[in-house]
Amino acid sequence: MLGVLSLSGALVASPVGAAGSFAPDGVDLTGGYGDNVAIYGVGVHWDSLCTCLALKRAGFDVRLLAQLAYWRGHEHPAVNRTVWDASLTPQLRWSGLDMGPARLFSEAGLGAHLLSNTRINTERVFSTAFQFGEIGVVGLGFGDHHRYEIGALVQHVSNGAIKEPNNGLTYFGAVFRAPLP
């Protein structure tokens, strides 16, 4: 946790984006399912937030993802069937060797989530609107300079035992990314 906070502080102190601009580098579309909840998300990301040469030489980079997701519960009957989730997640990213038309990548991140409701379905209770989210992604970059990406993800969202009950939500899904002009 301290490492992630230190990394986040370093990101805030450095210029955003490769060109020092606040404009995002790409758009992300996600979908997933877990614990009787379907998740649909749209987000933007900023690449190369860290100018750490040692990381870059080893194939690592830092990306920041901002996302808005809609959660739809599938239990019948349900006390609450929908939740909106706004999140901000710094991710450590590793890109593999260039394999011609494709490039393997993996990412891991820990971020903050803000939920519109602290309950979804009947039994899943989060207790707090503020949540933490851990995410892992494995995928392939393809197209011109590997600018497009598709990947499989797993994400867990919970309040980290700030308050009980803390059911959390774990889901598996897919992500598609495209660059912005």
# chains A, B, ... in the order shown; residues from 1 in each chain; ligands from 1
>>> closest_atom_pairs(of="range 108-129 of chain A", to="range 69-85 of chain A", cutoff="7 Å", atoms="only C-alpha atoms", output="tab-separated table")
residue	atom	partner	partner_atom	distance
A:His113	CA	A:Asp85	CA	6.4
A:Leu114	CA	A:Asp85	CA	5.7
A:Leu115	CA	A:Asp85	CA	4.6
A:Ser116	CA	A:Trp84	CA	5.2
A:Asn117	CA	A:Val83	CA	5.7
A:Arg119	CA	A:Asn80	CA	6.4
A:Ile120	CA	A:Asn80	CA	5.0
A:Asn121	CA	A:Ala78	CA	4.5
A:Thr122	CA	A:Ala78	CA	4.7
>>> select_by_dssp(residues="range 7-147 of chain A", states="strand (DSSP E or B)", output="VMD selection string")
chain A and resid 26 to 34 37 to 46 60 to 73 80 82 to 98 102 to 115 119 to 121 124 to 125 130 to 142
>>> atom_distance(atom1="CA of Ile150 in chain A", atom2="CA of Ala174 in chain A")
7.3 Å
>>> residues_around(residues="range 86-98 of chain A", least_positions_apart="3", cutoff="7 Å", atoms="only C-alpha atoms", output="number ranges by chain")
A: 8, 59-69, 102-115
>>> closest_residue(among="A:Ala152, A:Leu180, A:Tyr33, A:Gly168", to="Asp47 in chain A", atoms="only C-alpha atoms")
A:Leu180
>>> residues_around(residues="Gly26 in chain A", least_positions_apart="6", cutoff="10 Å", atoms="only C-alpha atoms", output="list in words")
Gly43, Val44, His45, Trp46, Asp47, Leu65, Arg147, Tyr148, Arg177, Ala178, Pro179, Leu180 and Pro181 of chain A
>>> closest_atom_pairs(of="range 113-133 of chain A", to="range 153-161 of chain A", cutoff="9 Å", atoms="only C-alpha atoms", output="tab-separated table")
residue	atom	partner	partner_atom	distance
A:His113	CA	A:Val157	CA	7.8
A:Phe126	CA	A:Ser158	CA	6.8
A:Ser127	CA	A:Asn159	CA	7.9
A:Thr128	CA	A:Asn159	CA	6.8
A:Ala129	CA	A:Asn159	CA	8.3
A:Phe130	CA	A:Asn159	CA	6.6
A:Gln131	CA	A:Asn159	CA	4.3
A:Phe132	CA	A:Ser158	CA	5.5
A:Gly133	CA	A:Val157	CA	4.4
>>> write_last_selection(atoms="C-alpha atoms", output="PDB file, in the first residue's frame")
ATOM      1  CA  HIS A 113     -13.415   3.988  -6.579  1.00  0.00           C
ATOM      2  CA  PHE A 126     -20.125  -2.380   0.560  1.00  0.00           C
ATOM      3  CA  SER A 127     -20.854  -0.181   3.650  1.00  0.00           C
ATOM      4  CA  THR A 128     -18.895   2.798   2.226  1.00  0.00           C
ATOM      5  CA  ALA A 129     -19.104   4.653  -1.080  1.00  0.00           C
ATOM      6  CA  PHE A 130     -15.278   4.914  -1.127  1.00  0.00           C
ATOM      7  CA  GLN A 131     -13.678   1.671  -2.301  1.00  0.00           C
ATOM      8  CA  PHE A 132     -10.272   0.375  -3.349  1.00  0.00           C
ATOM      9  CA  GLY A 133      -9.832  -1.514  -6.593  1.00  0.00           C
TER      10      GLY A 133
END
>>> closest_residue(among="A:Val175, A:Leu169, A:Ala58, A:Val125", to="Gly34 in chain A", atoms="only C-alpha atoms")
A:Leu169
>>> residues_around(residues="Thr30 in chain A", least_positions_apart="4", cutoff="8 Å", atoms="only C-alpha atoms", output="JSON, numbers by chain")
{"A": [39, 40, 41, 42, 173, 174, 175, 176]}
>>> atom_distance(atom1="CA of Asn166 in chain A", atom2="CA of Gly136 in chain A")
21.0 Å
>>> select_by_dssp(residues="chain A", states="alpha helix (DSSP H)", output="list in words")
Leu2, Gly3, Val4, Leu5, Ser6, Leu7, Ser8, Gly9, Ala10, Leu11, Val12, Ala13, Leu53, Ala54, Leu55, Lys56 and Arg57 of chain A
